[in-house]
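Notes for the one structure printed next.
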Amino acid sequence: MTTSPRAPVIEPDVEDHTDLDEIWKVVVWNDPVNLVSYVAWVLRSLFGHSKEEAMKLTMQVHNEGRAIVNDGPREQAEMDCYRLHQHGLWATMET
């Protein structure tokens, strides 16, 4: 009985280190539906931004198309995006 030669084992090219403390940013995107006053209210309600900070971020969304409204660990950013979606805003996460 003969055995076939074994194929060489190829190790995958992956990093051994994963940064679990990576900070994720929550991005709100401009949309044609929501009023500026509503977006500012949502930012104040969900994130506790001051009236001035909420309006600054809202105007950044309106003028530049997007703004980073919060940051934190991945799980928190996912929850923030979910909550923003529940209020009808377009939101994503990025590192």
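Residue numbering restarts at 1 in every chain; chains get A, B, ... in the order shown in the structure tokens, and ligands count up from 1 in that same order.
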>> Need the shell around region 32-49 of chain A: protein/DNA/RNA residues with any atom at most 9 Å away, counting only C-alpha atoms. Skip same-chain ones fewer than 2 positions apart. Format as an MDAnalysis selection string?
In response: chainID A and resid 30 51:59 62 69:70 80 83:84 87:89
Could you write out that same residue set with C-alpha atoms as a PDB file, in the first residue's frame?
ATOM      1  CA  ASN A  30     -27.165  63.935   5.321  1.00  0.00           C
ATOM      2  CA  LYS A  51     -27.819  72.700  22.141  1.00  0.00           C
ATOM      3  CA  GLU A  52     -24.822  74.462  20.567  1.00  0.00           C
ATOM      4  CA  GLU A  53     -22.867  71.236  19.931  1.00  0.00           C
ATOM      5  CA  ALA A  54     -25.919  69.477  18.489  1.00  0.00           C
ATOM      6  CA  MET A  55     -26.581  72.395  16.128  1.00  0.00           C
ATOM      7  CA  LYS A  56     -22.895  72.537  15.099  1.00  0.00           C
ATOM      8  CA  LEU A  57     -22.909  68.804  14.265  1.00  0.00           C
ATOM      9  CA  THR A  58     -26.260  69.071  12.490  1.00  0.00           C
ATOM     10  CA  MET A  59     -25.014  71.916  10.313  1.00  0.00           C
ATOM     11  CA  HIS A  62     -26.156  69.467   6.297  1.00  0.00           C
ATOM     12  CA  VAL A  69     -21.459  62.429  16.432  1.00  0.00           C
ATOM     13  CA  ASN A  70     -20.006  59.953  18.928  1.00  0.00           C
ATOM     14  CA  ASP A  80     -25.670  54.163  18.722  1.00  0.00           C
ATOM     15  CA  ARG A  83     -30.729  54.042  17.990  1.00  0.00           C
ATOM     16  CA  LEU A  84     -30.118  56.618  15.259  1.00  0.00           C
ATOM     17  CA  HIS A  87     -35.086  57.765  14.889  1.00  0.00           C
ATOM     18  CA  GLY A  88     -34.973  57.731  11.079  1.00  0.00           C
ATOM     19  CA  LEU A  89     -31.408  58.997  10.610  1.00  0.00           C
TER      20      LEU A  89
END
> CA of Asp21 (chain A) and CA of Gln86 (chain A), how far apart in Å?
Replying inline: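 The value is 26.5 Å.
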